[in-house]
file work-v6.txt (compact mmCIF, C-alpha atoms (C1' of nucleotides))
# COMPACT_ATOMS: atom_id res chain seq x y z
CA MET X 192 86.56 88.94 112.77
CA PHE X 193 87.67 92.55 112.34
CA ASN X 194 90.55 94.36 113.97
CA LYS X 195 90.01 97.04 116.60
CA GLU X 196 90.28 99.94 114.19
CA THR X 197 87.57 98.48 111.96
CA GLU X 198 85.36 97.70 114.94
CA TYR X 199 85.58 101.22 116.33
CA ALA X 200 85.10 102.72 112.87
CA LEU X 201 82.06 100.55 112.24
CA ARG X 202 80.40 101.16 115.58
CA GLY X 203 81.28 104.86 115.47
CA LEU X 204 79.85 105.38 112.00
CA VAL X 205 76.66 103.53 112.84
CA TYR X 206 76.29 105.67 115.96
CA ILE X 207 76.85 108.85 113.96
CA LYS X 208 74.30 107.84 111.36
CA LEU X 209 71.85 106.91 114.09
CA GLN X 210 72.19 110.37 115.62
CA ASN X 211 71.97 112.01 112.20
CA LEU X 212 68.59 110.31 111.83
CA LYS X 213 67.60 112.27 114.95
CA ASN X 214 69.04 115.49 113.47
CA ARG X 215 72.06 115.47 115.74
CA ARG X 216 75.79 115.72 114.97
CA PRO X 217 77.69 113.92 117.73
CA GLY X 218 81.29 114.75 118.68
CA THR X 219 84.22 112.50 119.53
CA THR X 220 83.67 112.48 123.29
CA GLU X 221 80.06 111.41 123.00
CA ILE X 222 80.73 108.88 120.25
CA ALA X 223 83.59 107.18 122.09
CA LYS X 224 81.54 106.95 125.26
CA GLU X 225 78.49 105.54 123.52
CA ILE X 226 80.34 102.84 121.63
CA GLU X 227 82.71 102.06 124.53
CA ALA X 228 85.90 102.83 122.65
CA PRO X 229 89.05 104.75 123.64
CA GLN X 230 88.29 108.46 123.14
CA PHE X 231 91.42 109.76 121.43
CA TYR X 232 91.89 106.65 119.35
CA THR X 233 88.31 106.93 118.15
CA ALA X 234 88.93 110.58 117.31
CA LYS X 235 91.96 109.67 115.25
CA ILE X 236 90.09 106.95 113.39
CA LEU X 237 87.19 109.30 112.59
CA GLN X 238 89.71 111.84 111.35
CA ARG X 239 91.03 109.30 108.87
CA LEU X 240 87.54 108.40 107.75
CA VAL X 241 86.77 112.06 107.07
CA ARG X 242 90.00 112.39 105.10
CA ALA X 243 89.02 109.25 103.17
CA GLY X 244 85.77 110.97 102.26
CA PHE X 245 83.44 108.58 104.08
CA LEU X 246 81.82 111.27 106.18
CA ARG X 247 82.04 114.95 106.97
CA SER X 248 82.78 117.00 110.05
CA LEU X 249 82.33 120.52 111.34
CA LYS X 250 84.58 122.27 113.84
CA GLY X 251 83.55 124.63 116.59
CA LYS X 252 80.37 125.09 118.53
CA GLY X 253 77.61 122.84 117.38
CA GLY X 254 80.17 120.89 115.35
CA GLY X 255 80.55 117.16 115.05
CA PHE X 256 80.33 114.36 112.53
CA PHE X 257 77.68 113.70 109.92
CA PHE X 258 77.02 111.92 106.66
CA ASP X 259 76.50 113.80 103.43
CA PRO X 260 72.85 113.08 102.56
CA ASP X 261 73.72 113.25 98.85
CA LYS X 262 76.23 110.41 99.06
CA PRO X 263 75.27 106.80 98.46
CA ASP X 264 75.20 104.41 101.41
CA LEU X 265 78.59 103.19 102.63
CA GLN X 266 79.05 99.47 102.06
CA LEU X 267 80.93 97.72 104.86
CA ILE X 268 83.32 96.29 102.28
CA LYS X 269 84.41 99.81 101.34
CA LEU X 270 85.06 100.65 104.96
CA ILE X 271 86.94 97.42 105.63
CA SER X 272 89.07 97.88 102.52
CA ALA X 273 90.08 101.28 103.85
CA THR X 274 90.93 100.10 107.34
CA GLU X 275 92.31 96.62 106.72
CA GLY X 276 93.25 96.53 103.07
CA ASP X 277 91.73 94.90 100.02
CA LYS X 278 92.83 91.33 100.45
CA SER X 279 91.16 90.68 103.81
CA TYR X 280 88.40 88.53 102.41
CA SER X 281 89.82 87.60 99.05
CA SER X 282 92.87 85.57 100.05
CA CYS X 283 93.45 81.87 100.74
CA GLY X 284 92.47 80.54 104.15
CA PHE X 285 95.54 78.34 104.17
CA GLY X 286 97.83 81.26 103.36
CA LEU X 287 98.85 80.22 99.86
CA LYS X 288 99.78 82.96 97.41
CA HIS X 289 98.04 81.12 94.60
CA CYS X 290 94.97 79.12 95.41
CA ASP X 291 91.95 78.63 93.18
CA ASN X 292 89.68 75.92 91.83
CA ASP X 293 92.44 74.67 89.52
CA LYS X 294 95.20 74.61 92.12
CA PRO X 295 93.39 74.55 95.46
CA CYS X 296 94.71 74.28 98.98
CA PRO X 297 93.16 71.50 101.08
CA LEU X 298 90.78 74.00 102.71
CA HIS X 299 89.71 75.67 99.50
CA GLU X 300 86.56 73.76 98.67
CA LYS X 301 84.90 74.44 102.01
CA TYR X 302 86.45 77.79 102.79
CA ALA X 303 85.57 79.39 99.45
CA VAL X 304 81.89 79.02 100.31
CA ILE X 305 82.36 80.80 103.63
CA ARG X 306 84.49 83.54 102.10
CA ASP X 307 81.79 84.17 99.51
CA SER X 308 79.14 84.52 102.17
CA ILE X 309 81.30 86.96 104.12
CA ASN X 310 81.77 89.00 100.98
CA LYS X 311 78.04 88.94 100.34
CA LEU X 312 77.35 90.12 103.87
CA ILE X 313 79.79 93.04 103.76
CA SER X 314 78.62 94.03 100.27
CA ASP X 315 74.92 93.90 101.11
CA GLU X 316 75.12 95.71 104.42
CA THR X 317 75.94 99.38 104.75
CA VAL X 318 76.52 101.72 107.66
CA GLN X 319 73.10 103.14 106.93
CA SER X 320 71.34 99.79 106.78
CA LEU X 321 72.81 98.86 110.14
CA ALA X 322 71.83 102.21 111.65
CA GLU X 323 68.28 101.64 110.42
CA LYS X 324 68.18 98.28 112.18
CA VAL X 325 69.44 99.81 115.39
CA TYR X 326 66.87 102.57 115.10
CA LYS X 327 63.86 100.41 114.30
CA LYS X 328 64.65 97.52 116.63
CA GLU X 329 66.24 99.62 119.36
CA LEU X 330 69.40 97.53 119.33
CA ASN X 331 72.49 98.42 121.32
CA LEU X 332 75.91 99.56 120.22
CA ARG X 333 77.81 98.54 123.32
CA MET Q 273 91.43 84.62 108.01
CA PHE Q 274 94.16 83.33 110.33
CA ASN Q 275 97.25 85.11 111.59
CA LYS Q 276 100.72 84.17 110.39
CA GLU Q 277 101.51 81.94 113.32
CA THR Q 278 98.38 79.88 112.74
CA GLU Q 279 99.05 79.70 109.00
CA TYR Q 280 102.59 78.45 109.47
CA ALA Q 281 101.49 76.03 112.17
CA LEU Q 282 98.71 74.68 109.99
CA ARG Q 283 100.79 74.28 106.83
CA GLY Q 284 103.71 72.91 108.84
CA LEU Q 285 101.63 70.29 110.61
CA VAL Q 286 99.94 69.19 107.41
CA TYR Q 287 103.35 68.84 105.78
CA ILE Q 288 104.67 66.83 108.71
CA LYS Q 289 101.67 64.51 108.62
CA LEU Q 290 102.01 64.13 104.88
CA GLN Q 291 105.64 63.05 105.28
CA ASN Q 292 104.72 60.76 108.17
CA LEU Q 293 102.37 59.00 105.74
CA LYS Q 294 105.50 58.30 103.67
CA ASN Q 295 107.37 57.09 106.77
CA ARG Q 296 109.52 60.19 106.99
CA ARG Q 297 110.19 62.62 109.87
CA PRO Q 298 110.98 66.02 108.42
CA GLY Q 299 113.10 68.63 110.22
CA THR Q 300 112.67 72.38 110.56
CA THR Q 301 114.80 73.35 107.56
CA GLU Q 302 112.91 71.09 105.20
CA ILE Q 303 109.50 71.99 106.60
CA ALA Q 304 110.07 75.75 106.41
CA LYS Q 305 111.30 75.45 102.84
CA GLU Q 306 108.41 73.29 101.69
CA ILE Q 307 105.70 75.50 103.16
CA GLU Q 308 107.48 78.75 102.25
CA ALA Q 309 107.73 80.07 105.77
CA PRO Q 310 110.58 81.75 107.68
CA GLN Q 311 112.87 79.00 108.94
CA PHE Q 312 113.60 80.04 112.52
CA TYR Q 313 110.12 81.33 113.13
CA THR Q 314 108.70 78.04 111.93
CA ALA Q 315 111.10 76.21 114.24
CA LYS Q 316 109.91 78.27 117.18
CA ILE Q 317 106.26 77.66 116.37
CA LEU Q 318 106.80 73.91 116.06
CA GLN Q 319 108.61 73.98 119.39
CA ARG Q 320 105.53 75.51 121.01
CA LEU Q 321 103.27 72.93 119.38
CA VAL Q 322 105.41 70.12 120.74
CA ARG Q 323 105.27 71.67 124.21
CA ALA Q 324 101.50 71.95 123.83
CA GLY Q 325 101.41 68.22 123.15
CA PHE Q 326 100.12 68.42 119.57
CA LEU Q 327 103.00 66.47 118.08
CA ARG Q 328 106.29 64.90 119.01
CA SER Q 329 109.89 65.42 118.05
CA LEU Q 330 113.19 63.61 118.17
CA LYS Q 331 116.62 65.24 118.43
CA GLY Q 332 119.80 64.08 116.77
CA LYS Q 333 120.51 62.11 113.62
CA GLY Q 334 117.38 60.91 111.90
CA GLY Q 335 115.38 63.20 114.16
CA GLY Q 336 112.50 65.44 113.23
CA PHE Q 337 108.80 65.93 113.84
CA PHE Q 338 106.05 63.35 113.86
CA PHE Q 339 102.57 62.64 115.11
CA ASP Q 340 101.86 60.08 117.77
CA PRO Q 341 99.86 57.39 115.92
CA ASP Q 342 97.93 56.63 119.12
CA LYS Q 343 96.60 60.15 119.45
CA PRO Q 344 93.28 61.18 117.95
CA ASP Q 345 93.27 63.49 114.94
CA LEU Q 346 93.96 67.16 115.66
CA GLN Q 347 90.92 69.34 114.97
CA LEU Q 348 91.80 72.72 113.49
CA ILE Q 349 89.76 74.38 116.21
CA LYS Q 350 92.12 72.94 118.84
CA LEU Q 351 95.11 74.27 116.98
CA ILE Q 352 93.56 77.70 116.45
CA SER Q 353 92.56 77.96 120.10
CA ALA Q 354 96.18 77.33 121.03
CA THR Q 355 97.63 79.89 118.61
CA GLU Q 356 94.98 82.61 118.61
CA GLY Q 357 92.94 82.04 121.73
CA ASP Q 358 89.50 80.67 122.37
CA LYS Q 359 87.34 83.58 121.42
CA SER Q 360 88.46 83.89 117.80
CA TYR Q 361 85.29 82.45 116.36
CA SER Q 362 82.94 82.81 119.25
CA SER Q 363 82.79 86.57 119.66
CA CYS Q 364 80.57 89.28 118.18
CA GLY Q 365 81.38 90.53 114.68
CA PHE Q 366 80.51 94.03 115.76
CA GLY Q 367 82.83 93.87 118.76
CA LEU Q 368 80.21 93.90 121.49
CA LYS Q 369 81.02 92.20 124.76
CA HIS Q 370 77.49 90.87 125.04
CA CYS Q 371 75.68 89.95 121.88
CA ASP Q 372 73.19 87.13 121.44
CA ASN Q 373 69.76 86.41 120.05
CA ASP Q 374 68.13 88.30 122.90
CA LYS Q 375 70.34 91.38 122.74
CA PRO Q 376 71.84 91.27 119.25
CA CYS Q 377 74.12 93.72 117.46
CA PRO Q 378 72.87 94.84 114.04
CA LEU Q 379 75.15 92.29 112.33
CA HIS Q 380 74.20 89.39 114.54
CA GLU Q 381 71.44 87.77 112.53
CA LYS Q 382 73.56 87.37 109.41
CA TYR Q 383 76.96 86.99 111.01
CA ALA Q 384 75.91 84.23 113.41
CA VAL Q 385 75.21 81.98 110.43
CA ILE Q 386 78.68 82.57 109.02
CA ARG Q 387 80.36 82.13 112.38
CA ASP Q 388 78.58 78.80 112.80
CA SER Q 389 79.78 77.58 109.44
CA ILE Q 390 83.35 78.59 110.27
CA ASN Q 391 83.11 76.68 113.53
CA LYS Q 392 81.72 73.67 111.70
CA LEU Q 393 84.58 73.79 109.22
CA ILE Q 394 87.32 74.00 111.84
CA SER Q 395 85.66 71.33 113.97
CA ASP Q 396 85.12 68.91 111.11
CA GLU Q 397 88.54 69.25 109.55
CA THR Q 398 91.72 67.99 111.17
CA VAL Q 399 95.39 68.21 110.32
CA GLN Q 400 95.15 64.57 109.30
CA SER Q 401 92.08 65.02 107.10
CA LEU Q 402 93.82 67.86 105.27
CA ALA Q 403 97.00 65.82 104.85
CA GLU Q 404 94.90 63.01 103.37
CA LYS Q 405 93.43 65.41 100.82
CA VAL Q 406 96.85 66.68 99.87
CA TYR Q 407 98.10 63.11 99.54
CA LYS Q 408 95.21 61.76 97.49
CA LYS Q 409 94.66 64.75 95.26
CA GLU Q 410 98.29 65.78 95.05
CA LEU Q 411 97.53 69.29 96.23
CA ASN Q 412 100.20 71.84 97.00
CA LEU Q 413 101.24 73.43 100.27
CA ARG Q 414 102.82 76.54 98.83
C1' DT Y 299 86.57 140.80 117.66
C1' DT Y 300 87.01 137.79 121.26
C1' DA Y 301 86.07 133.65 123.86
C1' DT Y 302 84.78 129.21 123.38
C1' DT Y 303 84.16 124.91 121.28
C1' DA Y 304 85.38 121.01 118.72
C1' DA Y 305 87.96 118.74 115.04
C1' DA Y 306 92.77 118.21 112.88
C1' DG Y 307 97.34 117.17 113.34
C1' DG Y 308 101.22 115.15 115.08
C1' DA Y 309 104.42 113.37 118.64
C1' DC Y 310 104.92 109.70 121.44
C1' DA Y 311 104.31 105.24 124.09
C1' DA Y 312 102.72 100.42 125.04
C1' DT Y 313 101.80 96.05 123.41
C1' DA Y 314 101.35 92.33 120.19
C1' DT Y 315 102.96 90.07 116.30
C1' DG Y 316 106.36 88.51 113.28
C1' DG Y 317 111.02 87.27 112.63
C1' DT Y 318 116.32 86.31 113.32
C1' DC Y 319 120.23 84.45 115.42
C1' DT Y 320 123.29 82.14 118.77
C1' DT Y 321 123.97 78.84 122.32
C1' DT Y 322 122.62 74.68 124.76
C1' DT Y 323 120.81 70.22 125.18
C1' DT Y 324 119.84 65.70 123.74
C1' DG Y 325 119.69 61.83 120.89
C1' DT Y 326 121.95 58.73 117.29
C1' DA Y 327 125.36 56.53 114.74
C1' DT Y 328 129.98 55.29 114.37
C1' DA B 143 133.49 57.43 123.95
C1' DT B 144 133.15 60.63 120.48
C1' DA B 145 131.47 63.22 116.74
C1' DC B 146 127.68 64.85 114.74
C1' DA B 147 122.96 66.09 113.85
C1' DA B 148 118.89 68.19 115.05
C1' DA B 149 115.57 70.16 118.28
C1' DA B 150 115.15 73.34 122.52
C1' DA B 151 115.89 77.52 124.60
C1' DG B 152 116.35 82.11 124.88
C1' DA B 153 118.10 86.75 123.63
C1' DC B 154 117.22 90.03 120.56
C1' DC B 155 115.20 92.97 116.80
C1' DA B 156 111.52 94.89 113.39
C1' DT B 157 107.08 96.15 112.42
C1' DA B 158 102.19 96.77 113.05
C1' DT B 159 98.56 97.71 115.98
C1' DT B 160 96.50 100.08 119.59
C1' DG B 161 96.34 103.84 122.41
C1' DT B 162 97.42 108.61 124.80
C1' DC B 163 98.20 113.33 124.95
C1' DC B 164 99.37 117.98 123.56
C1' DT B 165 99.23 121.73 120.20
C1' DT B 166 97.05 123.94 116.25
C1' DT B 167 93.31 125.24 113.29
C1' DA B 168 88.76 126.48 112.20
C1' DA B 169 84.02 127.46 113.15
C1' DT B 170 80.43 129.58 115.96
C1' DA B 171 78.21 132.42 119.30
C1' DA B 172 78.29 136.24 122.18
call {"tool": "encode", "arguments": {"input": "work-v6.txt", "output": "structure tokens"}}
result
Amino acid sequence: MFNKETEYALRGLVYIKLQNLKNRRPGTTEIAKEIEAPQFYTAKILQRLVRAGFLRSLKGKGGGFFFDPDKPDLQLIKLISATEGDKSYSSCGFGLKHCDNDKPCPLHEKYAVIRDSINKLISDETVQSLAEKVYKKELNLR
Amino acid sequence: MFNKETEYALRGLVYIKLQNLKNRRPGTTEIAKEIEAPQFYTAKILQRLVRAGFLRSLKGKGGGFFFDPDKPDLQLIKLISATEGDKSYSSCGFGLKHCDNDKPCPLHEKYAVIRDSINKLISDETVQSLAEKVYKKELNLR
DNA sequence: TTATTAAAGGACAATATGGTCTTTTTGTAT
DNA sequence: ATACAAAAAGACCATATTGTCCTTTAATAA
């Protein structure tokens, strides 16, 4: 489905939000361990996400990562666009540059339906909505 | 959706089958041109597919690629398993090693539905069924 | 103001993917 | 038998992805 960077970003952000709900600001070591991802790679990815403005961080003692409570929820599609690029779930399943209802590839009719449902999923769900589910249903992140 | 190798394999095979329907056996140069793929890379991919037993080839004058008429149709899922590995559309969208109805990730409920429909699509459709669509509806492969 | 803590930054390495080119082998037609 | 055509094989290169580690910067607590 997603590439590694997106996976780690997604799991990491959900973990951060989950801890934020408990008034904690986790750091890279803890996050990486809890989501079972490579520590330094996770740190680098989180760095990028901070630079992209998706979340905030604090250095030094008591520092760590946290979401700005004033910001709107982060749709998965925004995250995925940042890590994998825009065209991930907008392009042709057959690999054609131009493929639409008028000039479809042989997969178009059936694949378009699936692509739409993927886009609905990643537009509807947010990092926060997933964290809520984990919190309420005590789901696991690893 | 798919990686480049799978895309070229898929388009290439459909083109070959389409030509076979017209009693032709296309070669690598023609195939690569018609599906707009890199020539030598396409040749290498077709080589692998022949070795994997998905289609046959003939060297020398009048040679080229063709499907064994006695073989059953090639499901896309078989092709994709060969080019991308088994777990492409069987694993967790969140990246968890263990994720099922009992111990789900926060995406599971919605993603499982999508994953099932992808698996249905690539099990139902075959290289031959796609070639038929292209033939009957005069669709394009590039 | 100093020590400590933790993120930021950046260099570097390993692996996978995507792609090119040349040589060898094999089949066909003449 | 020979020339030719086309796939097979394999060496090689480019780029992207994934991952590690070391140094620097900034914040906090003592």
call {"tool": "closest_atom_pairs", "arguments": {"input": "work-v6.txt", "of": "chain Y", "to": "chain Q", "cutoff": "10 Å", "atoms": "only C-alpha atoms (C1' of nucleotides)", "output": "Markdown table"}}
result
| residue | atom | partner | partner_atom | distance |
| --- | --- | --- | --- | --- |
| Y:DT315 | C1' | Q:Lys276 | CA | 8.6 |
| Y:DG316 | C1' | Q:Lys276 | CA | 7.7 |
| Y:DG317 | C1' | Q:Tyr313 | CA | 6.0 |
| Y:DT318 | C1' | Q:Phe312 | CA | 6.9 |
| Y:DC319 | C1' | Q:Phe312 | CA | 8.5 |
| Y:DT323 | C1' | Q:Lys331 | CA | 9.4 |
| Y:DT324 | C1' | Q:Lys331 | CA | 6.2 |
| Y:DG325 | C1' | Q:Gly332 | CA | 4.7 |
| Y:DT326 | C1' | Q:Lys333 | CA | 5.2 |
| Y:DA327 | C1' | Q:Lys333 | CA | 7.5 |
call {"tool": "residues_around", "arguments": {"input": "work-v6.txt", "residues": "B:DC164", "least_positions_apart": "4", "cutoff": "12 Å", "atoms": "all atoms listed in the file", "output": "ChimeraX atom specification"}}
result
/X:231 /Y:307-310
call {"tool": "interface_residues", "arguments": {"input": "work-v6.txt", "of": "chain B", "to": "chain Q", "cutoff": "10 Å", "atoms": "all atoms listed in the file", "output": "PyMOL selection string"}}
result
chain B and resi 146-151
call {"tool": "closest_residue", "arguments": {"input": "work-v6.txt", "among": "B:DC154, B:DT170, B:DT144, B:DT165", "to": "Y:DA306", "atoms": "only C-alpha atoms (C1' of nucleotides)"}}
result
B:DT165
call {"tool": "atom_distance", "arguments": {"input": "work-v6.txt", "atom1": "atom CA of X:Lys288", "atom2": "atom CA of Q:Asn295"}}
result
28.5 Å
call {"tool": "residues_around", "arguments": {"input": "work-v6.txt", "residues": "stretch 328-330 of chain X", "least_positions_apart": "6", "cutoff": "8 Å", "atoms": "all atoms listed in the file", "output": "compact mmCIF listing (two decimals) with C-alpha atoms, in the frame of the given file"}}
result
# COMPACT_ATOMS: atom_id res chain seq x y z
CA LYS Q 375 70.34 91.38 122.74
CA PRO Q 376 71.84 91.27 119.25
CA CYS Q 377 74.12 93.72 117.46
CA PRO Q 378 72.87 94.84 114.04
call {"tool": "closest_atom_pairs", "arguments": {"input": "work-v6.txt", "of": "chain X", "to": "chain Q", "cutoff": "6 Å", "atoms": "all atoms listed in the file", "output": "JSON lines"}}
result
{"residue": "X:Met192", "atom": "CA", "partner": "Q:Gly365", "partner_atom": "CA", "distance": 5.7}
{"residue": "X:Glu198", "atom": "CA", "partner": "Q:Gly367", "partner_atom": "CA", "distance": 6.0}
{"residue": "X:Gly284", "atom": "CA", "partner": "Q:Met273", "partner_atom": "CA", "distance": 5.7}
{"residue": "X:Gly286", "atom": "CA", "partner": "Q:Glu279", "partner_atom": "CA", "distance": 6.0}
{"residue": "X:Leu287", "atom": "CA", "partner": "Q:Arg414", "partner_atom": "CA", "distance": 5.5}
{"residue": "X:Pro297", "atom": "CA", "partner": "Q:Leu402", "partner_atom": "CA", "distance": 5.6}
{"residue": "X:Leu321", "atom": "CA", "partner": "Q:Pro378", "partner_atom": "CA", "distance": 5.6}
{"residue": "X:Arg333", "atom": "CA", "partner": "Q:Leu368", "partner_atom": "CA", "distance": 5.5}
call {"tool": "atom_distance", "arguments": {"input": "work-v6.txt", "atom1": "atom CA of Q:Leu290", "atom2": "atom CA of Q:Ser353"}}
result
22.6 Å
call {"tool": "closest_residue", "arguments": {"input": "work-v6.txt", "among": "Q:Ala354, Q:Val322, Q:Ile288, Q:Ile349", "to": "Q:Asn391", "atoms": "all atoms listed in the file"}}
result
Q:Ile349
call {"tool": "atom_distance", "arguments": {"input": "work-v6.txt", "atom1": "atom CA of Q:Lys294", "atom2": "atom CA of Q:Ala281"}}
result
20.1 Å
